[in-house]
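Text of data-v9.pdb, listed as PDB, C-alpha atoms and all ligand atoms:
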ATOM      1  CA  MET B 178     -33.977 -26.454  78.320  1.00  0.00           C
ATOM      2  CA  PRO B 179     -37.607 -25.958  77.176  1.00  0.00           C
ATOM      3  CA  ASP B 180     -40.230 -25.761  79.875  1.00  0.00           C
ATOM      4  CA  LEU B 181     -43.097 -28.234  80.216  1.00  0.00           C
ATOM      5  CA  ALA B 182     -45.681 -25.855  78.689  1.00  0.00           C
ATOM      6  CA  THR B 183     -43.573 -25.454  75.538  1.00  0.00           C
ATOM      7  CA  ILE B 184     -43.135 -29.215  75.187  1.00  0.00           C
ATOM      8  CA  MET B 185     -46.874 -29.829  75.626  1.00  0.00           C
ATOM      9  CA  LEU B 186     -47.784 -27.097  73.118  1.00  0.00           C
ATOM     10  CA  ARG B 187     -45.365 -28.508  70.544  1.00  0.00           C
ATOM     11  CA  ARG B 188     -46.709 -32.064  70.932  1.00  0.00           C
ATOM     12  CA  SER B 189     -50.290 -30.838  70.704  1.00  0.00           C
ATOM     13  CA  ALA B 190     -49.584 -28.936  67.478  1.00  0.00           C
ATOM     14  CA  GLN B 191     -47.787 -31.956  65.994  1.00  0.00           C
ATOM     15  CA  SER B 192     -50.698 -34.275  66.799  1.00  0.00           C
ATOM     16  CA  LEU B 193     -53.175 -31.916  65.100  1.00  0.00           C
ATOM     17  CA  ASP B 194     -50.967 -31.704  62.052  1.00  0.00           C
ATOM     18  CA  SER B 195     -50.136 -35.410  61.719  1.00  0.00           C
ATOM     19  CA  GLY B 196     -53.294 -36.619  59.988  1.00  0.00           C
ATOM     20  CA  ARG B 197     -53.774 -33.746  57.581  1.00  0.00           C
ATOM     21  CA  LYS B 198     -52.588 -33.374  54.039  1.00  0.00           C
ATOM     22  CA  ARG B 199     -49.953 -30.775  53.259  1.00  0.00           C
ATOM     23  CA  CYS B 200     -49.696 -28.568  50.218  1.00  0.00           C
ATOM     24  CA  ALA B 201     -46.983 -29.813  47.848  1.00  0.00           C
ATOM     25  CA  GLY B 202     -46.219 -26.231  46.815  1.00  0.00           C
ATOM     26  CA  CYS B 203     -45.798 -24.303  50.060  1.00  0.00           C
ATOM     27  CA  ARG B 204     -45.698 -27.250  52.551  1.00  0.00           C
ATOM     28  CA  ARG B 205     -48.415 -25.521  54.575  1.00  0.00           C
ATOM     29  CA  THR B 206     -51.227 -27.460  56.250  1.00  0.00           C
ATOM     30  CA  PRO B 207     -54.454 -26.056  54.766  1.00  0.00           C
ATOM     31  CA  LEU B 208     -56.874 -24.486  57.215  1.00  0.00           C
ATOM     32  CA  VAL B 209     -60.299 -25.878  58.037  1.00  0.00           C
ATOM     33  CA  GLY B 210     -62.748 -24.652  55.406  1.00  0.00           C
ATOM     34  CA  GLU B 211     -60.032 -24.121  52.822  1.00  0.00           C
ATOM     35  CA  ARG B 212     -60.201 -25.959  49.496  1.00  0.00           C
ATOM     36  CA  VAL B 213     -57.368 -28.307  48.437  1.00  0.00           C
ATOM     37  CA  HIS B 214     -56.930 -29.446  44.848  1.00  0.00           C
ATOM     38  CA  GLU B 215     -55.464 -32.669  43.516  1.00  0.00           C
ATOM     39  CA  MET B 216     -53.731 -31.798  40.255  1.00  0.00           C
ATOM     40  CA  ASP B 217     -53.404 -34.084  37.213  1.00  0.00           C
ATOM     41  CA  THR B 218     -49.781 -34.634  38.237  1.00  0.00           C
ATOM     42  CA  GLY B 219     -50.982 -36.142  41.556  1.00  0.00           C
ATOM     43  CA  ARG B 220     -49.760 -33.190  43.643  1.00  0.00           C
ATOM     44  CA  MET B 221     -52.032 -31.713  46.303  1.00  0.00           C
ATOM     45  CA  LEU B 222     -52.059 -27.917  46.205  1.00  0.00           C
ATOM     46  CA  CYS B 223     -53.778 -25.351  48.390  1.00  0.00           C
ATOM     47  CA  GLU B 224     -55.982 -22.597  47.025  1.00  0.00           C
ATOM     48  CA  LEU B 225     -53.184 -20.025  47.212  1.00  0.00           C
ATOM     49  CA  CYS B 226     -50.728 -22.144  45.217  1.00  0.00           C
ATOM     50  CA  VAL B 227     -53.323 -23.005  42.563  1.00  0.00           C
ATOM     51  CA  SER B 228     -54.186 -19.330  42.115  1.00  0.00           C
ATOM     52  CA  ALA B 229     -50.478 -18.550  41.609  1.00  0.00           C
ATOM     53  CA  LEU B 230     -50.237 -21.047  38.707  1.00  0.00           C
ATOM     54  CA  PRO B 231     -50.604 -19.842  35.125  1.00  0.00           C
ATOM     55  CA  GLU B 232     -54.137 -20.355  33.815  1.00  0.00           C
ATOM     56  CA  GLU B 233     -53.113 -23.193  31.470  1.00  0.00           C
ATOM     57  CA  ASP B 234     -51.491 -25.175  34.326  1.00  0.00           C
ATOM     58  CA  ARG B 235     -54.596 -25.202  36.568  1.00  0.00           C
ATOM     59  CA  ARG B 236     -55.826 -28.717  35.813  1.00  0.00           C
ATOM     60  CA  ALA B 237     -57.273 -30.046  39.040  1.00  0.00           C
ATOM     61  CA  VAL B 238     -58.557 -33.629  38.992  1.00  0.00           C
ATOM     62  CA  SER B 239     -60.540 -33.140  42.180  1.00  0.00           C
ATOM     63  CA  SER B 240     -61.101 -30.537  44.839  1.00  0.00           C
ATOM     64  CA  GLU B 241     -62.250 -30.957  48.385  1.00  0.00           C
ATOM     65  CA  MET B 242     -62.905 -28.858  51.447  1.00  0.00           C
ATOM     66  CA  VAL B 243     -60.754 -29.376  54.547  1.00  0.00           C
ATOM     67  CA  HIS B 244     -62.981 -30.497  57.412  1.00  0.00           C
ATOM     68  CA  ALA B 245     -62.362 -30.097  61.121  1.00  0.00           C
ATOM     69  CA  LEU B 246     -62.918 -33.808  61.707  1.00  0.00           C
ATOM     70  CA  ASP B 247     -61.811 -36.730  59.586  1.00  0.00           C
ATOM     71  CA  LYS B 248     -65.149 -38.459  60.055  1.00  0.00           C
ATOM     72  CA  GLN B 249     -68.522 -37.200  58.894  1.00  0.00           C
ATOM     73  CA  LEU B 250     -70.859 -35.780  61.492  1.00  0.00           C
ATOM     74  CA  SER B 251     -74.086 -37.698  61.905  1.00  0.00           C
ATOM     75  CA  VAL B 252     -77.141 -35.971  60.570  1.00  0.00           C
ATOM     76  CA  ALA B 253     -80.543 -36.726  62.054  1.00  0.00           C
ATOM     77  CA  PRO B 254     -83.872 -35.659  60.575  1.00  0.00           C
ATOM     78  CA  ARG B 255     -85.401 -32.648  62.242  1.00  0.00           C
ATOM     79  CA  ALA B 256     -88.482 -33.243  64.399  1.00  0.00           C
ATOM     80  CA  ALA B 257     -91.662 -31.797  62.930  1.00  0.00           C
TER      81      ALA B 257
HETATM   82 ZN    ZN B 301     -49.778 -24.079  48.972  1.00  0.00          ZN
END
Here is a file; write its structure as structure tokens.
Ligand SMILES: [Zn+2]
Amino acid sequence: MPDLATIMLRRSAQSLDSGRKRCAGCRRTPLVGERVHEMDTGRMLCELCVSALPEEDRRAVSSEMVHALDKQLSVAPRAA
């Protein structure tokens, strides 16, 4: 029977992972700061999987950076 700390750690990791996109190639959740690519086939691939593709198959429709938060941080003008 797993102890309470193991159960809490597992639930915490699952909640972090639940909202993020996964790579269709390796099923890995990309790290914060890593680039993910949407291919012309509609698949989302991480940087590692795209680099493993042959040059002629690297047709990304869009690319985006994985952010730590789903929402944008507010930016305020700097005081003079
Ligand atoms: Zn991948």
* Skipping near chain neighbours, those fewer than 5 positions away, what residues fall within 7 Å of segment 202-213 of chain B using only C-alpha atoms, listed as a PyMOL selection string? -> chain B and resi 197+221-224+226+240-245
* Between atom CA of Cys200 of chain B and atom CA of Leu246 of chain B, what is the spacing in Å? ->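 About the pair atom CA of Leu246 of chain B and atom CA of Cys200 of chain B: they are 18.3 Å apart.
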* Go ahead and compute the interatomic distance for atom CA of Lys198 of chain B and atom CA of Leu230 of chain B, in Å to one decimal. =>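 Spanning atom CA of Lys198 of chain B to atom CA of Leu230 of chain B is a straight-line distance of 19.8 Å.
If you measure from each of B:Met178, B:Ala229, B:Met185, B:Met216 to ligand ZN 301 (chain B) using only C-alpha atoms and all ligand atoms, the closest one turns out to be B:Ala229.
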